[in-house]
file coords34.cif (mmCIF, N, CA and C atoms)
data_work
#
loop_
_atom_site.label_atom_id
_atom_site.label_comp_id
_atom_site.auth_asym_id
_atom_site.auth_seq_id
_atom_site.Cartn_x
_atom_site.Cartn_y
_atom_site.Cartn_z
N SER A 1 -12.92 0.73 7.54
CA SER A 1 -14.07 1.19 6.78
C SER A 1 -13.63 1.61 5.39
N ARG A 2 -14.55 1.51 4.47
CA ARG A 2 -14.31 2.02 3.11
C ARG A 2 -14.92 3.41 3.06
N MET A 3 -14.14 4.37 2.59
CA MET A 3 -14.62 5.74 2.47
C MET A 3 -14.91 6.00 1.00
N GLN A 4 -16.09 6.55 0.73
CA GLN A 4 -16.48 6.85 -0.64
C GLN A 4 -17.07 8.25 -0.71
N GLY A 5 -17.42 8.63 -1.95
CA GLY A 5 -17.95 9.97 -2.16
C GLY A 5 -16.86 10.97 -1.88
N ILE A 6 -17.21 11.99 -1.12
CA ILE A 6 -16.21 12.98 -0.71
C ILE A 6 -15.85 12.76 0.76
N GLY A 7 -15.95 11.50 1.16
CA GLY A 7 -15.62 11.12 2.53
C GLY A 7 -16.83 10.98 3.42
N GLU A 8 -18.02 11.19 2.88
CA GLU A 8 -19.23 11.16 3.70
C GLU A 8 -19.88 9.78 3.74
N ILE A 9 -19.47 8.87 2.88
CA ILE A 9 -20.05 7.54 2.85
C ILE A 9 -19.04 6.56 3.44
N LEU A 10 -19.35 6.02 4.61
CA LEU A 10 -18.47 5.07 5.28
C LEU A 10 -19.17 3.73 5.38
N THR A 11 -18.49 2.68 4.92
CA THR A 11 -19.04 1.33 4.95
C THR A 11 -18.09 0.45 5.75
N PRO A 12 -18.60 -0.20 6.81
CA PRO A 12 -17.73 -1.10 7.58
C PRO A 12 -17.28 -2.28 6.71
N LEU A 13 -16.05 -2.70 6.90
CA LEU A 13 -15.51 -3.86 6.20
C LEU A 13 -15.22 -4.95 7.21
N VAL A 14 -15.46 -6.18 6.84
CA VAL A 14 -15.11 -7.31 7.67
C VAL A 14 -13.99 -8.04 6.94
N LEU A 15 -12.77 -7.87 7.44
CA LEU A 15 -11.59 -8.44 6.79
C LEU A 15 -10.72 -9.12 7.82
N LYS A 16 -10.04 -10.17 7.40
CA LYS A 16 -9.01 -10.78 8.24
C LYS A 16 -7.71 -10.04 7.92
N LEU A 17 -7.29 -9.20 8.84
CA LEU A 17 -6.11 -8.38 8.61
C LEU A 17 -4.86 -9.02 9.20
N PRO A 18 -3.70 -8.67 8.65
CA PRO A 18 -2.45 -9.06 9.30
C PRO A 18 -2.38 -8.43 10.69
N LYS A 19 -1.42 -8.85 11.47
CA LYS A 19 -1.34 -8.42 12.87
C LYS A 19 -0.67 -7.07 13.08
N ALA A 20 0.16 -6.62 12.14
CA ALA A 20 0.96 -5.42 12.39
C ALA A 20 1.16 -4.61 11.13
N ALA A 21 1.64 -3.40 11.33
CA ALA A 21 1.91 -2.51 10.19
C ALA A 21 2.99 -1.51 10.57
N ILE A 22 3.54 -0.90 9.55
CA ILE A 22 4.39 0.27 9.76
C ILE A 22 3.70 1.45 9.09
N LEU A 23 3.84 2.60 9.68
CA LEU A 23 3.35 3.84 9.12
C LEU A 23 4.55 4.74 8.89
N VAL A 24 4.60 5.36 7.71
CA VAL A 24 5.74 6.19 7.35
C VAL A 24 5.23 7.47 6.69
N ASN A 25 5.74 8.60 7.15
CA ASN A 25 5.38 9.88 6.56
C ASN A 25 6.67 10.67 6.33
N PRO A 26 6.86 11.21 5.12
CA PRO A 26 8.08 11.97 4.84
C PRO A 26 8.07 13.37 5.44
N LEU A 27 7.06 13.67 6.24
CA LEU A 27 6.90 14.98 6.88
C LEU A 27 6.79 16.11 5.86
N LEU A 28 6.03 15.82 4.81
CA LEU A 28 5.71 16.80 3.80
C LEU A 28 4.19 16.90 3.71
N PRO A 29 3.65 18.10 3.52
CA PRO A 29 2.20 18.23 3.42
C PRO A 29 1.69 17.64 2.10
N SER A 30 0.51 17.06 2.17
CA SER A 30 -0.19 16.55 0.99
C SER A 30 -1.62 17.04 1.10
N PRO A 31 -1.86 18.29 0.73
CA PRO A 31 -3.19 18.90 0.94
C PRO A 31 -4.29 18.15 0.17
N THR A 32 -5.29 17.70 0.89
CA THR A 32 -6.38 16.91 0.31
C THR A 32 -7.03 17.64 -0.86
N ALA A 33 -7.32 18.92 -0.71
CA ALA A 33 -7.97 19.67 -1.79
C ALA A 33 -7.12 19.66 -3.05
N GLN A 34 -5.83 19.83 -2.90
CA GLN A 34 -4.92 19.82 -4.06
C GLN A 34 -4.91 18.44 -4.73
N VAL A 35 -4.88 17.38 -3.92
CA VAL A 35 -4.87 16.02 -4.46
C VAL A 35 -6.14 15.78 -5.28
N PHE A 36 -7.30 16.16 -4.75
CA PHE A 36 -8.55 15.97 -5.47
C PHE A 36 -8.62 16.84 -6.72
N GLU A 37 -8.03 18.03 -6.66
CA GLU A 37 -8.00 18.89 -7.85
C GLU A 37 -7.18 18.21 -8.95
N VAL A 38 -6.04 17.66 -8.60
CA VAL A 38 -5.21 16.96 -9.58
C VAL A 38 -5.93 15.71 -10.10
N LEU A 39 -6.66 15.03 -9.23
CA LEU A 39 -7.40 13.84 -9.63
C LEU A 39 -8.42 14.18 -10.72
N GLY A 40 -9.08 15.32 -10.58
CA GLY A 40 -9.96 15.81 -11.64
C GLY A 40 -11.26 15.06 -11.83
N LEU A 41 -11.84 14.54 -10.76
CA LEU A 41 -13.13 13.86 -10.88
C LEU A 41 -14.23 14.86 -11.19
N GLU A 42 -15.18 14.43 -11.98
CA GLU A 42 -16.39 15.22 -12.21
C GLU A 42 -17.32 15.04 -11.01
N PRO A 43 -18.17 16.01 -10.71
CA PRO A 43 -19.11 15.84 -9.58
C PRO A 43 -19.92 14.55 -9.74
N GLY A 44 -19.93 13.74 -8.69
CA GLY A 44 -20.67 12.48 -8.69
C GLY A 44 -19.93 11.31 -9.30
N GLN A 45 -18.77 11.54 -9.91
CA GLN A 45 -18.01 10.46 -10.53
C GLN A 45 -17.43 9.55 -9.44
N ASN A 46 -17.49 8.25 -9.66
CA ASN A 46 -16.99 7.26 -8.70
C ASN A 46 -15.59 6.81 -9.06
N PHE A 47 -14.92 6.27 -8.04
CA PHE A 47 -13.63 5.61 -8.26
C PHE A 47 -13.90 4.22 -8.80
N GLY A 48 -12.84 3.42 -8.88
CA GLY A 48 -12.95 2.05 -9.37
C GLY A 48 -13.71 1.13 -8.44
N LYS A 49 -13.82 -0.11 -8.84
CA LYS A 49 -14.53 -1.14 -8.10
C LYS A 49 -13.84 -1.43 -6.77
N PRO A 50 -14.61 -1.56 -5.67
CA PRO A 50 -14.01 -1.89 -4.37
C PRO A 50 -13.31 -3.24 -4.38
N ILE A 51 -12.25 -3.35 -3.59
CA ILE A 51 -11.47 -4.59 -3.48
C ILE A 51 -11.58 -5.08 -2.04
N GLU A 52 -11.96 -6.33 -1.86
CA GLU A 52 -12.16 -6.88 -0.52
C GLU A 52 -10.90 -7.53 0.05
N ASN A 53 -9.98 -7.99 -0.79
CA ASN A 53 -8.80 -8.70 -0.35
C ASN A 53 -7.68 -7.69 -0.04
N PHE A 54 -7.21 -7.66 1.20
CA PHE A 54 -6.23 -6.64 1.59
C PHE A 54 -4.97 -6.67 0.74
N SER A 55 -4.58 -7.83 0.23
CA SER A 55 -3.35 -7.89 -0.54
C SER A 55 -3.49 -7.21 -1.90
N SER A 56 -4.71 -6.89 -2.29
CA SER A 56 -4.95 -6.20 -3.55
C SER A 56 -5.43 -4.76 -3.34
N TRP A 57 -5.40 -4.29 -2.10
CA TRP A 57 -5.86 -2.93 -1.83
C TRP A 57 -5.14 -1.93 -2.71
N ARG A 58 -5.85 -0.90 -3.04
CA ARG A 58 -5.25 0.22 -3.77
C ARG A 58 -5.87 1.49 -3.21
N ASN A 59 -5.25 2.58 -3.50
CA ASN A 59 -5.78 3.88 -3.11
C ASN A 59 -5.88 4.69 -4.40
N ASP A 60 -7.09 5.00 -4.81
CA ASP A 60 -7.31 5.71 -6.06
C ASP A 60 -6.76 7.13 -6.05
N LEU A 61 -6.35 7.62 -4.88
CA LEU A 61 -5.76 8.96 -4.79
C LEU A 61 -4.24 8.94 -4.96
N SER A 62 -3.64 7.75 -4.98
CA SER A 62 -2.18 7.65 -4.98
C SER A 62 -1.52 8.40 -6.14
N CYS A 63 -1.97 8.17 -7.36
CA CYS A 63 -1.32 8.82 -8.52
C CYS A 63 -1.40 10.34 -8.42
N ALA A 64 -2.57 10.85 -8.03
CA ALA A 64 -2.72 12.30 -7.90
C ALA A 64 -1.85 12.83 -6.77
N ALA A 65 -1.80 12.12 -5.65
CA ALA A 65 -0.98 12.57 -4.52
C ALA A 65 0.50 12.56 -4.87
N ILE A 66 0.93 11.55 -5.64
CA ILE A 66 2.34 11.49 -6.04
C ILE A 66 2.68 12.64 -6.99
N LYS A 67 1.73 13.07 -7.80
CA LYS A 67 1.97 14.25 -8.65
C LYS A 67 2.17 15.49 -7.79
N CYS A 68 1.44 15.56 -6.68
CA CYS A 68 1.56 16.70 -5.77
C CYS A 68 2.80 16.61 -4.88
N VAL A 69 3.09 15.40 -4.41
CA VAL A 69 4.20 15.15 -3.49
C VAL A 69 4.96 13.92 -4.01
N PRO A 70 5.88 14.12 -4.95
CA PRO A 70 6.58 12.98 -5.55
C PRO A 70 7.27 12.06 -4.55
N GLN A 71 7.65 12.57 -3.40
CA GLN A 71 8.36 11.74 -2.41
C GLN A 71 7.48 10.61 -1.87
N ILE A 72 6.16 10.70 -2.04
CA ILE A 72 5.29 9.60 -1.61
C ILE A 72 5.68 8.31 -2.33
N ALA A 73 6.02 8.40 -3.59
CA ALA A 73 6.46 7.21 -4.35
C ALA A 73 7.73 6.63 -3.73
N THR A 74 8.63 7.47 -3.27
CA THR A 74 9.86 7.01 -2.62
C THR A 74 9.54 6.30 -1.31
N VAL A 75 8.57 6.83 -0.56
CA VAL A 75 8.18 6.22 0.70
C VAL A 75 7.60 4.83 0.45
N ILE A 76 6.67 4.72 -0.51
CA ILE A 76 6.06 3.42 -0.81
C ILE A 76 7.13 2.43 -1.28
N ALA A 77 8.04 2.87 -2.11
CA ALA A 77 9.11 1.99 -2.59
C ALA A 77 10.00 1.53 -1.42
N ALA A 78 10.29 2.43 -0.49
CA ALA A 78 11.11 2.06 0.67
C ALA A 78 10.40 1.00 1.51
N ILE A 79 9.10 1.15 1.68
CA ILE A 79 8.35 0.16 2.46
C ILE A 79 8.33 -1.18 1.73
N LYS A 80 8.01 -1.16 0.44
CA LYS A 80 7.91 -2.40 -0.33
C LYS A 80 9.24 -3.14 -0.42
N SER A 81 10.35 -2.43 -0.29
CA SER A 81 11.66 -3.06 -0.42
C SER A 81 12.06 -3.86 0.82
N ARG A 82 11.33 -3.72 1.90
CA ARG A 82 11.67 -4.42 3.13
C ARG A 82 11.12 -5.83 3.11
N PRO A 83 11.86 -6.79 3.68
CA PRO A 83 11.35 -8.17 3.74
C PRO A 83 10.11 -8.25 4.63
N ASN A 84 9.26 -9.20 4.36
CA ASN A 84 8.08 -9.51 5.16
C ASN A 84 6.99 -8.45 5.11
N ILE A 85 7.06 -7.54 4.15
CA ILE A 85 5.96 -6.60 3.93
C ILE A 85 4.98 -7.28 2.97
N LEU A 86 3.73 -7.44 3.40
CA LEU A 86 2.72 -8.14 2.61
C LEU A 86 2.07 -7.24 1.57
N ASN A 87 1.94 -5.97 1.90
CA ASN A 87 1.35 -5.00 0.99
C ASN A 87 1.74 -3.62 1.50
N ALA A 88 1.81 -2.67 0.59
CA ALA A 88 2.15 -1.29 0.98
C ALA A 88 1.34 -0.34 0.12
N GLY A 89 1.06 0.82 0.67
CA GLY A 89 0.32 1.83 -0.08
C GLY A 89 0.28 3.13 0.68
N MET A 90 -0.58 4.01 0.20
CA MET A 90 -0.73 5.32 0.80
C MET A 90 -2.06 5.36 1.55
N SER A 91 -2.08 6.04 2.67
CA SER A 91 -3.29 6.21 3.46
C SER A 91 -3.97 7.52 3.09
N GLY A 92 -5.26 7.50 2.89
CA GLY A 92 -6.01 8.71 2.60
C GLY A 92 -5.46 9.45 1.40
N SER A 93 -5.30 10.76 1.54
CA SER A 93 -4.74 11.58 0.46
C SER A 93 -3.25 11.83 0.67
N GLY A 94 -2.62 11.05 1.55
CA GLY A 94 -1.19 11.16 1.79
C GLY A 94 -0.89 12.19 2.86
N ALA A 95 0.29 12.34 3.23
CA ALA A 95 1.46 11.68 2.74
C ALA A 95 1.84 10.44 3.54
N THR A 96 1.02 10.08 4.56
CA THR A 96 1.34 8.88 5.33
C THR A 96 1.10 7.64 4.47
N CYS A 97 2.07 6.72 4.53
CA CYS A 97 1.99 5.46 3.81
C CYS A 97 2.10 4.33 4.82
N PHE A 98 1.71 3.13 4.39
CA PHE A 98 1.70 1.99 5.30
C PHE A 98 2.29 0.75 4.63
N GLY A 99 2.72 -0.16 5.47
CA GLY A 99 3.10 -1.50 5.04
C GLY A 99 2.53 -2.46 6.06
N VAL A 100 1.90 -3.54 5.61
CA VAL A 100 1.32 -4.51 6.54
C VAL A 100 2.22 -5.74 6.65
N CYS A 101 2.27 -6.30 7.86
CA CYS A 101 3.15 -7.43 8.19
C CYS A 101 2.37 -8.45 9.00
N GLU A 102 2.83 -9.69 9.00
CA GLU A 102 2.19 -10.74 9.79
C GLU A 102 2.51 -10.62 11.28
N SER A 103 3.65 -10.03 11.62
CA SER A 103 4.01 -9.97 13.04
C SER A 103 4.53 -8.59 13.41
N MET A 104 4.41 -8.29 14.69
CA MET A 104 4.92 -7.02 15.20
C MET A 104 6.44 -6.98 15.05
N ARG A 105 7.08 -8.10 15.20
CA ARG A 105 8.55 -8.15 15.04
C ARG A 105 8.94 -7.74 13.62
N ASP A 106 8.22 -8.25 12.60
CA ASP A 106 8.49 -7.86 11.21
C ASP A 106 8.30 -6.36 11.03
N ALA A 107 7.25 -5.82 11.64
CA ALA A 107 6.98 -4.38 11.53
C ALA A 107 8.08 -3.57 12.21
N GLU A 108 8.51 -4.01 13.37
CA GLU A 108 9.57 -3.29 14.09
C GLU A 108 10.88 -3.29 13.32
N VAL A 109 11.24 -4.44 12.74
CA VAL A 109 12.48 -4.54 11.96
C VAL A 109 12.41 -3.61 10.75
N ALA A 110 11.27 -3.61 10.05
CA ALA A 110 11.11 -2.73 8.88
C ALA A 110 11.16 -1.27 9.30
N ALA A 111 10.52 -0.94 10.41
CA ALA A 111 10.50 0.46 10.87
C ALA A 111 11.91 0.95 11.21
N VAL A 112 12.67 0.14 11.92
CA VAL A 112 14.05 0.52 12.28
C VAL A 112 14.88 0.71 11.01
N SER A 113 14.74 -0.20 10.08
CA SER A 113 15.52 -0.13 8.84
C SER A 113 15.20 1.15 8.06
N ILE A 114 13.92 1.46 7.93
CA ILE A 114 13.52 2.67 7.19
C ILE A 114 13.97 3.91 7.94
N LYS A 115 13.80 3.93 9.25
CA LYS A 115 14.20 5.10 10.05
C LYS A 115 15.71 5.33 9.95
N ASN A 116 16.48 4.25 9.93
CA ASN A 116 17.94 4.40 9.79
C ASN A 116 18.31 4.97 8.43
N GLN A 117 17.60 4.56 7.40
CA GLN A 117 17.89 5.04 6.06
C GLN A 117 17.33 6.44 5.81
N HIS A 118 16.24 6.78 6.49
CA HIS A 118 15.57 8.07 6.29
C HIS A 118 15.28 8.71 7.65
N PRO A 119 16.29 9.22 8.32
CA PRO A 119 16.11 9.72 9.69
C PRO A 119 15.17 10.92 9.81
N ASN A 120 14.90 11.61 8.72
CA ASN A 120 14.01 12.77 8.78
C ASN A 120 12.55 12.41 8.55
N TRP A 121 12.25 11.14 8.31
CA TRP A 121 10.86 10.71 8.15
C TRP A 121 10.29 10.29 9.49
N TRP A 122 8.98 10.40 9.64
CA TRP A 122 8.26 9.85 10.80
C TRP A 122 7.95 8.40 10.47
N VAL A 123 8.39 7.48 11.35
CA VAL A 123 8.21 6.05 11.13
C VAL A 123 7.80 5.40 12.44
N VAL A 124 6.76 4.55 12.38
CA VAL A 124 6.30 3.86 13.58
C VAL A 124 5.79 2.47 13.21
N ALA A 125 6.07 1.49 14.09
CA ALA A 125 5.48 0.16 13.97
C ALA A 125 4.27 0.13 14.87
N THR A 126 3.19 -0.54 14.43
CA THR A 126 1.97 -0.56 15.21
C THR A 126 1.22 -1.86 14.98
N THR A 127 0.28 -2.14 15.87
CA THR A 127 -0.57 -3.34 15.72
C THR A 127 -1.86 -2.96 14.99
N LEU A 128 -2.49 -3.94 14.40
CA LEU A 128 -3.77 -3.74 13.72
C LEU A 128 -4.86 -4.51 14.46
N GLY A 129 -6.06 -4.00 14.36
CA GLY A 129 -7.21 -4.73 14.90
C GLY A 129 -7.49 -4.48 16.35
#
call {"tool": "encode", "arguments": {"input": "coords34.cif", "output": "structure tokens"}}
result
Amino acid sequence: SRMQGIGEILTPLVLKLPKAAILVNPLLPSPTAQVFEVLGLEPGQNFGKPIENFSSWRNDLSCAAIKCVPQIATVIAAIKSRPNILNAGMSGSGATCFGVCESMRDAEVAAVSIKNQHPNWWVVATTLG
């Protein structure tokens, strides 16, 4: 679903998604209220234009969340550096980030690699859909 407004507007999306993903969290808090405060939207102000193609997904909260929790940028970079990652980004207001893959095997390999390099992070491979 696409979440808009202050989270009260949910629109179902019909997308052909990859089969698997990894989820990574540096185990640091990313308080939603703080992220929105840093974002500095005026009441009623909208984010950018919606994107339907998963390979172009973005999260308009990413820059604000990274200002609050700089390690989110490190997490996204770690995910993007792995082979067979089709796209990576941050979920919600952070600090959990994701990487999407065509196969569960690709997700598992990426998850093991990241967990070995960052043993204090929460890392999991999962299926989508």
call {"tool": "resolve_selection", "arguments": {"input": "coords34.cif", "expression": "the PyMOL selection byres (((chain A and resi 12 and name CA) around 12) and name CA)", "output": "number ranges by chain"}}
result
A: 1-4, 9-11, 13-15, 52
call {"tool": "residues_around", "arguments": {"input": "coords34.cif", "residues": "Leu39 (chain A)", "least_positions_apart": "3", "cutoff": "5 Å", "atoms": "only N, CA and C atoms", "output": "compact mmCIF listing (two decimals) with N, CA and C atoms, in the coordinates of the input"}}
result
# COMPACT_ATOMS: atom_id res chain seq x y z
N VAL A 35 -4.88 17.38 -3.92
CA VAL A 35 -4.87 16.02 -4.46
C VAL A 35 -6.14 15.78 -5.28
N PHE A 36 -7.30 16.16 -4.75
CA PHE A 36 -8.55 15.97 -5.47
C PHE A 36 -8.62 16.84 -6.72
N ALA A 64 -2.57 10.85 -8.03
CA ALA A 64 -2.72 12.30 -7.90
C ALA A 64 -1.85 12.83 -6.77
call {"tool": "select_by_dssp", "arguments": {"input": "coords34.cif", "residues": "chain A", "states": "strand (DSSP E or B)", "output": "JSON, numbers by chain"}}
result
{"A": [2, 3, 4, 9, 10, 11, 20, 21, 22, 23, 24, 25, 87, 88, 89, 90, 97, 98, 99, 100, 101, 122, 123, 124, 125, 126, 127]}
call {"tool": "write_last_selection", "arguments": {"input": "coords34.cif", "atoms": "N, CA and C atoms", "output": "PDB file, keeping the file's coordinate frame"}}
result
ATOM      1  N   ARG A   2     -14.550   1.510   4.470  1.00  0.00           N
ATOM      2  CA  ARG A   2     -14.310   2.020   3.110  1.00  0.00           C
ATOM      3  C   ARG A   2     -14.920   3.410   3.060  1.00  0.00           C
ATOM      4  N   MET A   3     -14.140   4.370   2.590  1.00  0.00           N
ATOM      5  CA  MET A   3     -14.620   5.740   2.470  1.00  0.00           C
ATOM      6  C   MET A   3     -14.910   6.000   1.000  1.00  0.00           C
ATOM      7  N   GLN A   4     -16.090   6.550   0.730  1.00  0.00           N
ATOM      8  CA  GLN A   4     -16.480   6.850  -0.640  1.00  0.00           C
ATOM      9  C   GLN A   4     -17.070   8.250  -0.710  1.00  0.00           C
ATOM     10  N   ILE A   9     -19.470   8.870   2.880  1.00  0.00           N
ATOM     11  CA  ILE A   9     -20.050   7.540   2.850  1.00  0.00           C
ATOM     12  C   ILE A   9     -19.040   6.560   3.440  1.00  0.00           C
ATOM     13  N   LEU A  10     -19.350   6.020   4.610  1.00  0.00           N
ATOM     14  CA  LEU A  10     -18.470   5.070   5.280  1.00  0.00           C
ATOM     15  C   LEU A  10     -19.170   3.730   5.380  1.00  0.00           C
ATOM     16  N   THR A  11     -18.490   2.680   4.920  1.00  0.00           N
ATOM     17  CA  THR A  11     -19.040   1.330   4.950  1.00  0.00           C
ATOM     18  C   THR A  11     -18.090   0.450   5.750  1.00  0.00           C
ATOM     19  N   ALA A  20       0.160  -6.620  12.140  1.00  0.00           N
ATOM     20  CA  ALA A  20       0.960  -5.420  12.390  1.00  0.00           C
ATOM     21  C   ALA A  20       1.160  -4.610  11.130  1.00  0.00           C
ATOM     22  N   ALA A  21       1.640  -3.400  11.330  1.00  0.00           N
ATOM     23  CA  ALA A  21       1.910  -2.510  10.190  1.00  0.00           C
ATOM     24  C   ALA A  21       2.990  -1.510  10.570  1.00  0.00           C
ATOM     25  N   ILE A  22       3.540  -0.900   9.550  1.00  0.00           N
ATOM     26  CA  ILE A  22       4.390   0.270   9.760  1.00  0.00           C
ATOM     27  C   ILE A  22       3.700   1.450   9.090  1.00  0.00           C
ATOM     28  N   LEU A  23       3.840   2.600   9.680  1.00  0.00           N
ATOM     29  CA  LEU A  23       3.350   3.840   9.120  1.00  0.00           C
ATOM     30  C   LEU A  23       4.550   4.740   8.890  1.00  0.00           C
ATOM     31  N   VAL A  24       4.600   5.360   7.710  1.00  0.00           N
ATOM     32  CA  VAL A  24       5.740   6.190   7.350  1.00  0.00           C
ATOM     33  C   VAL A  24       5.230   7.470   6.690  1.00  0.00           C
ATOM     34  N   ASN A  25       5.740   8.600   7.150  1.00  0.00           N
ATOM     35  CA  ASN A  25       5.380   9.880   6.560  1.00  0.00           C
ATOM     36  C   ASN A  25       6.670  10.670   6.330  1.00  0.00           C
ATOM     37  N   ASN A  87       1.940  -5.970   1.900  1.00  0.00           N
ATOM     38  CA  ASN A  87       1.350  -5.000   0.990  1.00  0.00           C
ATOM     39  C   ASN A  87       1.740  -3.620   1.500  1.00  0.00           C
ATOM     40  N   ALA A  88       1.810  -2.670   0.590  1.00  0.00           N
ATOM     41  CA  ALA A  88       2.150  -1.290   0.980  1.00  0.00           C
ATOM     42  C   ALA A  88       1.340  -0.340   0.120  1.00  0.00           C
ATOM     43  N   GLY A  89       1.060   0.820   0.670  1.00  0.00           N
ATOM     44  CA  GLY A  89       0.320   1.830  -0.080  1.00  0.00           C
ATOM     45  C   GLY A  89       0.280   3.130   0.680  1.00  0.00           C
ATOM     46  N   MET A  90      -0.580   4.010   0.200  1.00  0.00           N
ATOM     47  CA  MET A  90      -0.730   5.320   0.800  1.00  0.00           C
ATOM     48  C   MET A  90      -2.060   5.360   1.550  1.00  0.00           C
ATOM     49  N   CYS A  97       2.070   6.720   4.530  1.00  0.00           N
ATOM     50  CA  CYS A  97       1.990   5.460   3.810  1.00  0.00           C
ATOM     51  C   CYS A  97       2.100   4.330   4.820  1.00  0.00           C
ATOM     52  N   PHE A  98       1.710   3.130   4.390  1.00  0.00           N
ATOM     53  CA  PHE A  98       1.700   1.990   5.300  1.00  0.00           C
ATOM     54  C   PHE A  98       2.290   0.750   4.630  1.00  0.00           C
ATOM     55  N   GLY A  99       2.720  -0.160   5.470  1.00  0.00           N
ATOM     56  CA  GLY A  99       3.100  -1.500   5.040  1.00  0.00           C
ATOM     57  C   GLY A  99       2.530  -2.460   6.060  1.00  0.00           C
ATOM     58  N   VAL A 100       1.900  -3.540   5.610  1.00  0.00           N
ATOM     59  CA  VAL A 100       1.320  -4.510   6.540  1.00  0.00           C
ATOM     60  C   VAL A 100       2.220  -5.740   6.650  1.00  0.00           C
ATOM     61  N   CYS A 101       2.270  -6.300   7.860  1.00  0.00           N
ATOM     62  CA  CYS A 101       3.150  -7.430   8.190  1.00  0.00           C
ATOM     63  C   CYS A 101       2.370  -8.450   9.000  1.00  0.00           C
ATOM     64  N   TRP A 122       8.980  10.400   9.640  1.00  0.00           N
ATOM     65  CA  TRP A 122       8.260   9.850  10.800  1.00  0.00           C
ATOM     66  C   TRP A 122       7.950   8.400  10.470  1.00  0.00           C
ATOM     67  N   VAL A 123       8.390   7.480  11.350  1.00  0.00           N
ATOM     68  CA  VAL A 123       8.210   6.050  11.130  1.00  0.00           C
ATOM     69  C   VAL A 123       7.800   5.400  12.440  1.00  0.00           C
ATOM     70  N   VAL A 124       6.760   4.550  12.380  1.00  0.00           N
ATOM     71  CA  VAL A 124       6.300   3.860  13.580  1.00  0.00           C
ATOM     72  C   VAL A 124       5.790   2.470  13.210  1.00  0.00           C
ATOM     73  N   ALA A 125       6.070   1.490  14.090  1.00  0.00           N
ATOM     74  CA  ALA A 125       5.480   0.160  13.970  1.00  0.00           C
ATOM     75  C   ALA A 125       4.270   0.130  14.870  1.00  0.00           C
ATOM     76  N   THR A 126       3.190  -0.540  14.430  1.00  0.00           N
ATOM     77  CA  THR A 126       1.970  -0.560  15.210  1.00  0.00           C
ATOM     78  C   THR A 126       1.220  -1.860  14.980  1.00  0.00           C
ATOM     79  N   THR A 127       0.280  -2.140  15.870  1.00  0.00           N
ATOM     80  CA  THR A 127      -0.570  -3.340  15.720  1.00  0.00           C
ATOM     81  C   THR A 127      -1.860  -2.960  14.990  1.00  0.00           C
TER      82      THR A 127
END
call {"tool": "resolve_selection", "arguments": {"input": "coords34.cif", "expression": "the PyMOL selection byres ((chain A and resi 82-95) around 6.5)", "output": "number ranges by chain"}}
result
A: 24-26, 28-32, 55, 59, 61-62, 65, 72, 76-81, 96-102, 106, 110
call {"tool": "atom_distance", "arguments": {"input": "coords34.cif", "atom1": "atom C of Glu42 (chain A)", "atom2": "atom N of Thr74 (chain A)"}}
result
28.1 Å
call {"tool": "axis_aligned_box", "arguments": {"input": "coords34.cif", "around": "region 4-11 of chain A", "padding_each_side": "3 Å", "output": "AutoDock Vina command-line options"}}
result
--center_x -17.8 --center_y 6.7 --center_z 1.8 --size_x 10.4 --size_y 18.5 --size_z 13.9
call {"tool": "closest_residue", "arguments": {"input": "coords34.cif", "among": "A:Pro70, A:Gly129, A:Ala111, A:Asn120", "to": "Leu23 (chain A)", "atoms": "only C-alpha atoms"}}
result
A:Ala111
call {"tool": "residues_around", "arguments": {"input": "coords34.cif", "residues": "Val112 (chain A)", "least_positions_apart": "6", "cutoff": "8 Å", "atoms": "all atoms listed in the file", "output": "list in words"}}
result
Asp106, His118, Val123, Val124 and Ala125 of chain A
call {"tool": "build_atoms", "arguments": {"input": "coords34.cif", "residues": "region 36-43 of chain A", "atoms": "N, CA, C and O atoms", "output": "compact mmCIF listing (two decimals), keeping the file's coordinate frame"}}
result
# COMPACT_ATOMS: atom_id res chain seq x y z
N PHE A 36 -7.30 16.16 -4.75
CA PHE A 36 -8.55 15.97 -5.47
C PHE A 36 -8.62 16.84 -6.72
O PHE A 36 -9.18 16.43 -7.74
N GLU A 37 -8.03 18.03 -6.66
CA GLU A 37 -8.00 18.89 -7.85
C GLU A 37 -7.18 18.21 -8.95
O GLU A 37 -7.60 18.19 -10.11
N VAL A 38 -6.04 17.66 -8.60
CA VAL A 38 -5.21 16.96 -9.58
C VAL A 38 -5.93 15.71 -10.10
O VAL A 38 -5.84 15.38 -11.28
N LEU A 39 -6.66 15.03 -9.23
CA LEU A 39 -7.40 13.84 -9.63
C LEU A 39 -8.42 14.18 -10.72
O LEU A 39 -8.59 13.42 -11.67
N GLY A 40 -9.08 15.32 -10.58
CA GLY A 40 -9.96 15.81 -11.64
C GLY A 40 -11.26 15.06 -11.83
O GLY A 40 -11.75 14.96 -12.95
N LEU A 41 -11.84 14.54 -10.76
CA LEU A 41 -13.13 13.86 -10.88
C LEU A 41 -14.23 14.86 -11.19
O LEU A 41 -14.22 16.00 -10.71
N GLU A 42 -15.18 14.43 -11.98
CA GLU A 42 -16.39 15.22 -12.21
C GLU A 42 -17.32 15.04 -11.01
O GLU A 42 -17.27 13.99 -10.35
N PRO A 43 -18.17 16.01 -10.71
CA PRO A 43 -19.11 15.84 -9.58
C PRO A 43 -19.92 14.55 -9.74
O PRO A 43 -20.46 14.26 -10.81
